[in-house]
>>> print(open('data_22.tsv').read())   # TSV, C-alpha atoms and all ligand atoms
chain	number	residue	atom	x	y	z
A	1	MET	CA	0.77	-14.94	16.94
A	2	GLN	CA	0.37	-14.02	20.60
A	3	LEU	CA	3.68	-12.15	20.46
A	4	LEU	CA	2.54	-10.32	17.35
A	5	ASN	CA	-0.76	-9.39	18.95
A	6	ARG	CA	1.14	-8.00	21.92
A	7	LEU	CA	3.51	-6.12	19.64
A	8	GLU	CA	0.59	-4.51	17.81
A	9	LYS	CA	-0.70	-3.13	21.13
A	10	ASN	CA	2.69	-2.15	22.55
A	11	ARG	CA	2.99	1.64	22.75
A	12	SER	CA	6.64	1.71	23.90
A	13	PHE	CA	8.00	2.84	20.56
A	14	ASP	CA	5.18	5.18	19.53
A	15	GLY	CA	7.41	8.22	20.17
A	16	VAL	CA	10.05	6.84	17.77
A	17	ILE	CA	7.34	5.96	15.24
A	18	GLU	CA	5.98	9.50	15.27
A	19	LYS	CA	9.44	11.03	14.79
A	20	VAL	CA	10.32	8.74	11.88
A	21	GLN	CA	6.89	9.30	10.34
A	22	SER	CA	7.26	13.09	10.49
A	23	VAL	CA	10.58	12.85	8.61
A	24	ILE	CA	9.06	10.66	5.87
A	25	VAL	CA	5.97	12.79	5.30
A	26	SER	CA	8.20	15.88	4.92
A	27	ALA	CA	9.60	14.40	1.68
A	28	PRO	CA	8.22	15.99	-1.51
A	29	GLU	CA	4.82	14.63	-2.50
A	30	ARG	CA	6.08	13.68	-5.97
A	31	VAL	CA	8.77	11.47	-4.47
A	32	ARG	CA	6.35	9.85	-2.04
A	33	ASP	CA	3.89	9.16	-4.88
A	34	VAL	CA	6.57	7.35	-6.89
A	35	LEU	CA	7.59	5.31	-3.84
A	36	HIS	CA	3.97	4.40	-3.06
A	37	GLY	CA	3.55	3.12	-6.63
A	38	VAL	CA	1.13	5.80	-7.86
A	39	GLY	CA	1.16	5.57	-11.65
A	40	LEU	CA	2.23	1.93	-11.47
A	41	GLY	CA	-1.21	0.98	-10.13
A	42	HIS	CA	0.39	-1.34	-7.59
A	43	PRO	CA	2.43	-0.77	-4.43
A	44	LEU	CA	6.11	-0.45	-5.37
A	45	HIS	CA	7.63	-2.03	-2.23
A	46	PRO	CA	6.69	-5.67	-2.97
A	47	VAL	CA	8.07	-5.26	-6.50
A	48	LEU	CA	11.43	-3.87	-5.36
A	49	VAL	CA	12.01	-6.40	-2.58
A	50	GLN	CA	12.28	-9.13	-5.23
A	51	LEU	CA	15.77	-7.86	-6.09
A	52	PRO	CA	17.51	-8.25	-2.70
A	53	VAL	CA	15.47	-11.32	-1.73
A	54	GLY	CA	16.27	-13.07	-5.01
A	55	ALA	CA	19.96	-12.16	-4.79
A	56	PHE	CA	20.34	-13.25	-1.15
A	57	MET	CA	18.48	-16.53	-1.67
A	58	SER	CA	20.51	-17.35	-4.77
A	59	ALA	CA	23.76	-16.53	-2.93
A	60	ALA	CA	22.73	-18.90	-0.13
A	61	VAL	CA	22.38	-21.74	-2.65
A	62	LEU	CA	25.62	-20.92	-4.47
A	63	ASP	CA	27.53	-20.81	-1.19
A	64	LEU	CA	26.72	-24.51	-0.77
A	65	LEU	CA	28.23	-25.42	-4.14
A	66	PRO	CA	31.92	-25.86	-4.89
A	67	GLY	CA	33.62	-23.18	-6.99
A	68	GLN	CA	30.77	-20.66	-6.68
A	69	ARG	CA	32.24	-18.40	-4.03
A	70	ARG	CA	32.84	-15.49	-6.40
A	71	ALA	CA	29.31	-15.70	-7.85
A	72	ALA	CA	27.79	-15.87	-4.35
A	73	THR	CA	29.80	-12.83	-3.26
A	74	THR	CA	28.65	-10.90	-6.34
A	75	LEU	CA	25.00	-11.72	-5.56
A	76	ILE	CA	25.41	-10.60	-1.93
A	77	ALA	CA	26.83	-7.30	-3.22
A	78	VAL	CA	23.87	-6.94	-5.61
A	79	GLY	CA	21.39	-7.74	-2.83
A	80	THR	CA	22.99	-5.26	-0.43
A	81	ALA	CA	23.03	-2.52	-3.07
A	82	THR	CA	19.37	-2.99	-4.01
A	83	VAL	CA	18.01	-2.84	-0.47
A	84	ALA	CA	17.89	0.96	-0.37
A	85	PRO	CA	15.11	1.57	-2.95
A	86	ALA	CA	13.03	-1.30	-1.54
A	87	ALA	CA	13.43	0.10	1.97
A	88	ALA	CA	12.54	3.65	0.84
A	89	ALA	CA	9.29	2.40	-0.71
A	90	GLY	CA	8.51	0.32	2.38
A	91	TRP	CA	9.10	3.20	4.80
A	92	THR	CA	6.88	5.44	2.66
A	93	ASP	CA	3.99	2.95	2.77
A	94	TRP	CA	4.61	2.40	6.48
A	95	SER	CA	4.27	6.14	7.18
A	96	GLN	CA	0.57	6.00	6.24
A	97	MET	CA	-0.39	2.83	8.07
A	98	THR	CA	-2.42	2.54	11.23
A	99	LYS	CA	-0.44	2.53	14.47
A	100	ASP	CA	-0.84	-1.22	15.13
A	101	LYS	CA	0.67	-1.97	11.73
A	102	GLN	CA	3.40	0.62	12.22
A	103	ARG	CA	4.52	-1.11	15.43
A	104	VAL	CA	4.99	-4.41	13.57
A	105	GLY	CA	6.46	-2.57	10.59
A	106	LEU	CA	9.11	-0.96	12.77
A	107	VAL	CA	10.32	-4.38	13.96
A	108	HIS	CA	10.15	-5.69	10.35
A	109	ALA	CA	12.39	-2.80	9.23
A	110	THR	CA	14.77	-3.22	12.19
A	111	ALA	CA	15.20	-6.93	11.39
A	112	ASN	CA	16.01	-6.01	7.79
A	113	VAL	CA	18.57	-3.41	8.87
A	114	VAL	CA	20.29	-6.03	11.04
A	115	ALA	CA	20.19	-8.51	8.14
A	116	VAL	CA	21.78	-6.04	5.74
A	117	GLY	CA	24.44	-5.24	8.36
A	118	LEU	CA	25.29	-8.94	8.56
A	119	TYR	CA	25.48	-9.19	4.77
A	120	ALA	CA	27.72	-6.11	4.61
A	121	ALA	CA	29.99	-7.69	7.27
A	122	SER	CA	30.04	-10.88	5.19
A	123	LEU	CA	31.15	-8.87	2.15
A	124	VAL	CA	33.98	-7.31	4.17
A	125	ALA	CA	35.05	-10.75	5.43
A	126	ARG	CA	34.98	-12.16	1.88
A	127	SER	CA	37.03	-9.23	0.57
A	128	ARG	CA	39.68	-10.11	3.20
A	129	GLY	CA	39.84	-13.70	2.00
A	130	ARG	CA	37.71	-15.20	4.75
A	131	SER	CA	34.63	-17.38	4.19
A	132	GLY	CA	31.96	-14.90	5.39
A	133	ARG	CA	29.35	-17.64	5.06
A	134	VAL	CA	28.35	-17.71	8.74
A	135	LEU	CA	27.62	-13.98	8.53
A	136	SER	CA	25.62	-14.28	5.30
A	137	TYR	CA	23.55	-17.22	6.60
A	138	ALA	CA	22.92	-15.27	9.81
A	139	GLY	CA	21.78	-12.36	7.57
A	140	LEU	CA	19.43	-14.69	5.69
A	141	SER	CA	17.95	-15.97	8.97
A	142	VAL	CA	17.28	-12.48	10.31
A	143	ALA	CA	15.90	-11.39	6.91
A	144	GLY	CA	13.58	-14.41	7.07
A	145	MET	CA	12.20	-13.18	10.39
A	146	GLY	CA	11.73	-9.73	8.86
A	147	ALA	CA	9.94	-11.29	5.90
A	148	TYR	CA	7.64	-13.19	8.25
A	149	LEU	CA	6.61	-9.89	9.85
A	150	GLY	CA	6.17	-8.29	6.42
A	151	GLY	CA	3.95	-11.20	5.39
A	152	HIS	CA	1.93	-10.78	8.58
A	153	LEU	CA	1.40	-7.09	7.75
A	154	SER	CA	0.25	-7.89	4.22
A	155	TYR	CA	-1.75	-11.06	4.61
A	156	ALA	CA	-3.02	-11.03	8.20
A	157	ARG	CA	-3.47	-7.27	8.54
A	158	ALA	CA	-4.10	-6.37	4.87
A	159	GLY	CA	-1.44	-3.64	4.85
A	160	GLY	CA	-0.89	-2.50	1.26
A	161	MET	CA	-3.96	-4.39	0.03
A	162	ASN	CA	-6.62	-2.69	-2.06
A	163	GLN	CA	-9.31	-2.33	0.60
A	164	ALA	CA	-11.91	-1.47	-2.04
A	165	ALA	CA	-11.84	-4.98	-3.51
A	166	PRO	CA	-14.29	-6.56	-0.99
A	167	ASP	CA	-16.83	-3.79	-1.66
A	168	LEU	CA	-16.48	-4.23	-5.40
A	169	ASN	CA	-17.37	-7.90	-5.09
A	170	ARG	CA	-20.58	-6.95	-3.26
A	171	VAL	CA	-21.84	-4.51	-5.90
A	172	PRO	CA	-24.84	-6.11	-7.69
A	173	ALA	CA	-24.09	-7.38	-11.19
A	174	GLU	CA	-27.57	-6.28	-12.30
A	175	TRP	CA	-28.54	-2.61	-12.73
A	176	THR	CA	-29.57	-1.13	-9.36
A	177	SER	CA	-31.20	2.28	-8.83
A	178	VAL	CA	-29.44	4.79	-6.57
A	179	GLY	CA	-32.08	7.51	-6.89
A	180	SER	CA	-33.17	10.10	-9.42
A	181	LEU	CA	-30.80	12.20	-11.51
A	182	ALA	CA	-32.63	15.31	-10.31
A	183	SER	CA	-31.75	14.50	-6.69
A	184	LEU	CA	-28.00	14.63	-7.40
A	185	PRO	CA	-26.32	17.99	-6.84
A	186	GLU	CA	-24.31	19.40	-9.74
A	187	GLY	CA	-20.52	19.37	-9.26
A	188	LYS	CA	-20.73	18.09	-5.68
A	189	PRO	CA	-20.31	14.45	-4.70
A	190	ALA	CA	-23.24	12.63	-3.17
A	191	VAL	CA	-23.21	9.32	-1.31
A	192	ARG	CA	-25.82	6.60	-1.82
A	193	THR	CA	-25.78	3.12	-0.32
A	194	LEU	CA	-26.31	-0.05	-2.30
A	195	PRO	CA	-27.83	-3.21	-0.80
A	196	ASP	CA	-25.32	-5.12	1.36
A	197	ASP	CA	-24.10	-1.80	2.81
A	198	VAL	CA	-21.85	-0.69	-0.05
A	199	PRO	CA	-21.59	3.12	-0.16
A	200	VAL	CA	-21.10	4.70	-3.58
A	201	LEU	CA	-19.85	8.20	-4.40
A	202	LEU	CA	-21.82	9.79	-7.24
A	203	TRP	CA	-20.47	12.73	-9.22
A	204	ARG	CA	-22.81	14.57	-11.59
A	205	GLN	CA	-21.77	16.94	-14.35
A	206	GLY	CA	-24.87	17.91	-16.37
A	207	ASP	CA	-26.45	14.65	-17.50
A	208	GLU	CA	-23.28	12.66	-16.97
A	209	VAL	CA	-22.82	10.73	-13.74
A	210	THR	CA	-19.84	8.71	-12.55
A	211	ALA	CA	-19.99	6.35	-9.59
A	212	MET	CA	-16.99	5.17	-7.56
A	213	LEU	CA	-16.79	3.08	-4.45
A	214	GLU	CA	-16.95	5.44	-1.50
A	215	ARG	CA	-14.66	3.58	0.92
A	216	CYS	CA	-11.07	4.50	0.04
A	217	GLY	CA	-8.96	1.65	-1.31
A	218	HIS	CA	-6.10	2.61	1.04
A	219	GLU	CA	-7.64	2.13	4.48
A	220	THR	CA	-11.41	2.51	3.83
A	221	GLY	CA	-11.56	6.25	4.61
A	222	PRO	CA	-14.91	7.94	3.74
A	223	LEU	CA	-14.36	9.67	0.40
A	224	GLY	CA	-17.83	11.21	0.74
A	225	GLU	CA	-16.40	13.43	3.49
A	226	GLY	CA	-13.41	14.42	1.36
A	227	GLU	CA	-12.72	17.76	-0.24
A	228	VAL	CA	-13.14	18.19	-4.01
A	229	VAL	CA	-10.19	19.87	-5.71
A	230	GLY	CA	-9.88	20.94	-9.34
A	231	GLN	CA	-12.71	21.45	-11.76
A	232	GLY	CA	-14.47	19.82	-14.69
A	233	ARG	CA	-12.65	16.80	-16.08
A	234	ASP	CA	-9.77	17.33	-13.63
A	235	ALA	CA	-11.96	17.39	-10.50
A	236	CYS	CA	-10.64	15.02	-7.82
A	237	VAL	CA	-11.76	13.93	-4.38
A	238	VAL	CA	-9.21	13.93	-1.55
A	239	CYS	CA	-9.54	11.24	1.10
A	240	PRO	CA	-9.92	12.89	4.53
A	241	TRP	CA	-7.79	10.26	6.28
A	242	HIS	CA	-4.40	10.26	4.51
A	243	GLY	CA	-4.91	12.44	1.45
A	244	SER	CA	-5.13	9.90	-1.39
A	245	THR	CA	-6.53	11.84	-4.34
A	246	PHE	CA	-8.74	10.20	-6.98
A	247	ARG	CA	-9.94	11.76	-10.23
A	248	LEU	CA	-13.73	11.68	-10.16
A	249	ARG	CA	-14.30	10.95	-13.84
A	250	ASP	CA	-12.18	7.77	-13.97
A	251	GLY	CA	-11.04	6.91	-10.42
A	252	VAL	CA	-7.35	7.30	-11.27
A	253	ALA	CA	-5.14	7.69	-8.18
A	254	VAL	CA	-3.44	11.05	-8.73
A	255	HIS	CA	-1.70	11.13	-5.34
A	256	GLY	CA	-0.98	8.39	-2.80
A	257	PRO	CA	-0.72	6.70	-0.44
A	258	ALA	CA	-3.26	4.64	-2.43
A	259	ALA	CA	-1.41	3.12	-5.37
A	260	ASN	CA	-4.49	1.46	-6.84
A	261	ASP	CA	-7.10	3.46	-8.71
A	262	GLN	CA	-10.45	3.73	-6.95
A	263	PRO	CA	-12.89	1.37	-8.73
A	264	LEU	CA	-15.67	2.93	-10.82
A	265	LEU	CA	-19.02	1.27	-11.39
A	266	ARG	CA	-21.05	1.16	-14.61
A	267	VAL	CA	-23.67	3.90	-14.67
A	268	ARG	CA	-26.76	4.55	-16.80
A	269	VAL	CA	-29.73	6.88	-16.53
A	270	GLU	CA	-33.10	5.24	-17.28
A	271	ALA	CA	-36.34	7.23	-17.08
A	272	GLY	CA	-34.66	9.81	-14.86
A	273	GLN	CA	-33.27	7.15	-12.48
A	274	VAL	CA	-29.54	6.68	-12.00
A	275	GLU	CA	-28.59	3.00	-12.03
A	276	VAL	CA	-25.25	1.40	-11.27
A	277	ALA	CA	-23.83	-2.09	-11.73
A	278	GLN	CA	-20.59	-3.97	-11.18
A	279	PRO	CA	-18.02	-3.09	-13.87
B	1	LIG	S1	-7.88	5.83	3.94
B	1	LIG	FE1	-5.84	6.41	3.70
B	1	LIG	S2	-5.89	7.74	2.04
B	1	LIG	FE2	-7.90	7.09	2.21
>>> encode(input="data_22.tsv", output="structure tokens")
Amino acid sequence: MQLLNRLEKNRSFDGVIEKVQSVIVSAPERVRDVLHGVGLGHPLHPVLVQLPVGAFMSAAVLDLLPGQRRAATTLIAVGTATVAPAAAAGWTDWSQMTKDKQRVGLVHATANVVAVGLYAASLVARSRGRSGRVLSYAGLSVAGMGAYLGGHLSYARAGGMNQAAPDLNRVPAEWTSVGSLASLPEGKPAVRTLPDDVPVLLWRQGDEVTAMLERCGHETGPLGEGEVVGQGRDACVVCPWHGSTFRLRDGVAVHGPAANDQPLLRVRVEAGQVEVAQP
């Protein structure tokens, strides 16, 4: 953990990080959205890594059994071939992370590149009639270190998590007033704060009001400071930090990096007062 803490603060590779990041963000937005998992409602990277991880783990077991060499080699080929889409999704998520996470992510990706190189060398050795098992077990070991770093990013640093979830749990279950309907501007978002310091973004169109959590589910950016694009039912708010775009009427993530929709609250208007509650 001490090494990881030091790595998160180490600026040595920030120049490389910025160069790689600039290449990734120059990819078409549509492609980046698919790779982030927009439309799926879940980050794509953890879904895709199941393919190579499952293939490599299964190959490691088969390599210990008699008569399974051919099957193990086939699984290593499958794992090596399916790394590319998983890596593309991972790099795309990485490009919109905070610098401390990017530093760990760079080492995570480097370990995986080394692991795939070892697996590819194992495939070559197997194709030449040699065992190739030392190379594939070395690949599995390095991939395990990469996976440890990926787990640290997800579970210790909440990379790829829906950061709106903690706020949603703190929204009162009972109806809570957020002010009068008359005080809400028409067609312009307004921010009100619920007890327990939960900011809510209110969007009024005539007598209809929608309420979404104001802290962006990607990295808690302030959606209340974001630009509104589109009109009427298509109006969206754009997060000022990394550009995630959420439709105001239903919270749907239209553009990433956020893959999860932004949670909406229940809303009612009682005696001219706008009230919200947990969905
Ligand atoms: S905080 Fe990253 S897009 Fe909102």
>>> closest_residue(input="data_22.tsv", among="A:Ala77, A:Met97, A:Val104, A:Val274", to="ligand LIG 1 (chain B)", atoms="only C-alpha atoms and all ligand atoms")
A:Met97
>>> residues_near_ligand(input="data_22.tsv", ligand="ligand LIG 1 (chain B)", cutoff="9 Å", atoms="all atoms listed in the file", output="ChimeraX atom specification")
/A:96-97,163,215-223,238-245,256-258
>>> atom_distance(input="data_22.tsv", atom1="CA of Asp93 in chain A", atom2="CA of Val114 in chain A")
20.4 Å
>>> residues_around(input="data_22.tsv", residues="Ala55 in chain A", least_positions_apart="4", cutoff="12 Å", atoms="only C-alpha atoms", output="PDB file with C-alpha atoms, in the coordinates of the input")
ATOM      1  CA  LEU A  48      11.430  -3.870  -5.360  1.00  0.00           C
ATOM      2  CA  VAL A  49      12.010  -6.400  -2.580  1.00  0.00           C
ATOM      3  CA  GLN A  50      12.280  -9.130  -5.230  1.00  0.00           C
ATOM      4  CA  LEU A  51      15.770  -7.860  -6.090  1.00  0.00           C
ATOM      5  CA  ALA A  59      23.760 -16.530  -2.930  1.00  0.00           C
ATOM      6  CA  ALA A  60      22.730 -18.900  -0.130  1.00  0.00           C
ATOM      7  CA  VAL A  61      22.380 -21.740  -2.650  1.00  0.00           C
ATOM      8  CA  LEU A  62      25.620 -20.920  -4.470  1.00  0.00           C
ATOM      9  CA  ALA A  71      29.310 -15.700  -7.850  1.00  0.00           C
ATOM     10  CA  ALA A  72      27.790 -15.870  -4.350  1.00  0.00           C
ATOM     11  CA  THR A  73      29.800 -12.830  -3.260  1.00  0.00           C
ATOM     12  CA  THR A  74      28.650 -10.900  -6.340  1.00  0.00           C
ATOM     13  CA  LEU A  75      25.000 -11.720  -5.560  1.00  0.00           C
ATOM     14  CA  ILE A  76      25.410 -10.600  -1.930  1.00  0.00           C
ATOM     15  CA  ALA A  77      26.830  -7.300  -3.220  1.00  0.00           C
ATOM     16  CA  VAL A  78      23.870  -6.940  -5.610  1.00  0.00           C
ATOM     17  CA  GLY A  79      21.390  -7.740  -2.830  1.00  0.00           C
ATOM     18  CA  THR A  80      22.990  -5.260  -0.430  1.00  0.00           C
ATOM     19  CA  ALA A  81      23.030  -2.520  -3.070  1.00  0.00           C
ATOM     20  CA  THR A  82      19.370  -2.990  -4.010  1.00  0.00           C
ATOM     21  CA  VAL A  83      18.010  -2.840  -0.470  1.00  0.00           C
ATOM     22  CA  TYR A 119      25.480  -9.190   4.770  1.00  0.00           C
ATOM     23  CA  SER A 136      25.620 -14.280   5.300  1.00  0.00           C
ATOM     24  CA  LEU A 140      19.430 -14.690   5.690  1.00  0.00           C
TER      25      LEU A 140
END
>>> atom_distance(input="data_22.tsv", atom1="CA of Leu7 in chain A", atom2="CA of Ala115 in chain A")
20.4 Å
>>> atom_distance(input="data_22.tsv", atom1="CA of Leu44 in chain A", atom2="CA of Ser154 in chain A")
13.5 Å
>>> closest_residue(input="data_22.tsv", among="A:Gln262, A:Gln231, A:Gln278, A:Ser180", to="Leu213 in chain A", atoms="all atoms listed in the file")
A:Gln262
>>> closest_residue(input="data_22.tsv", among="A:Val23, A:Asp33, A:Glu214, A:Arg130", to="His255 in chain A", atoms="all atoms listed in the file")
A:Asp33
>>> closest_residue(input="data_22.tsv", among="A:Val191, A:Val47, A:Val269, A:Ala164", to="Thr176 in chain A", atoms="all atoms listed in the file")
A:Val269
>>> closest_residue(input="data_22.tsv", among="A:Gly90, A:Gly187, A:Pro279, A:Gly144", to="Arg170 in chain A", atoms="all atoms listed in the file")
A:Pro279
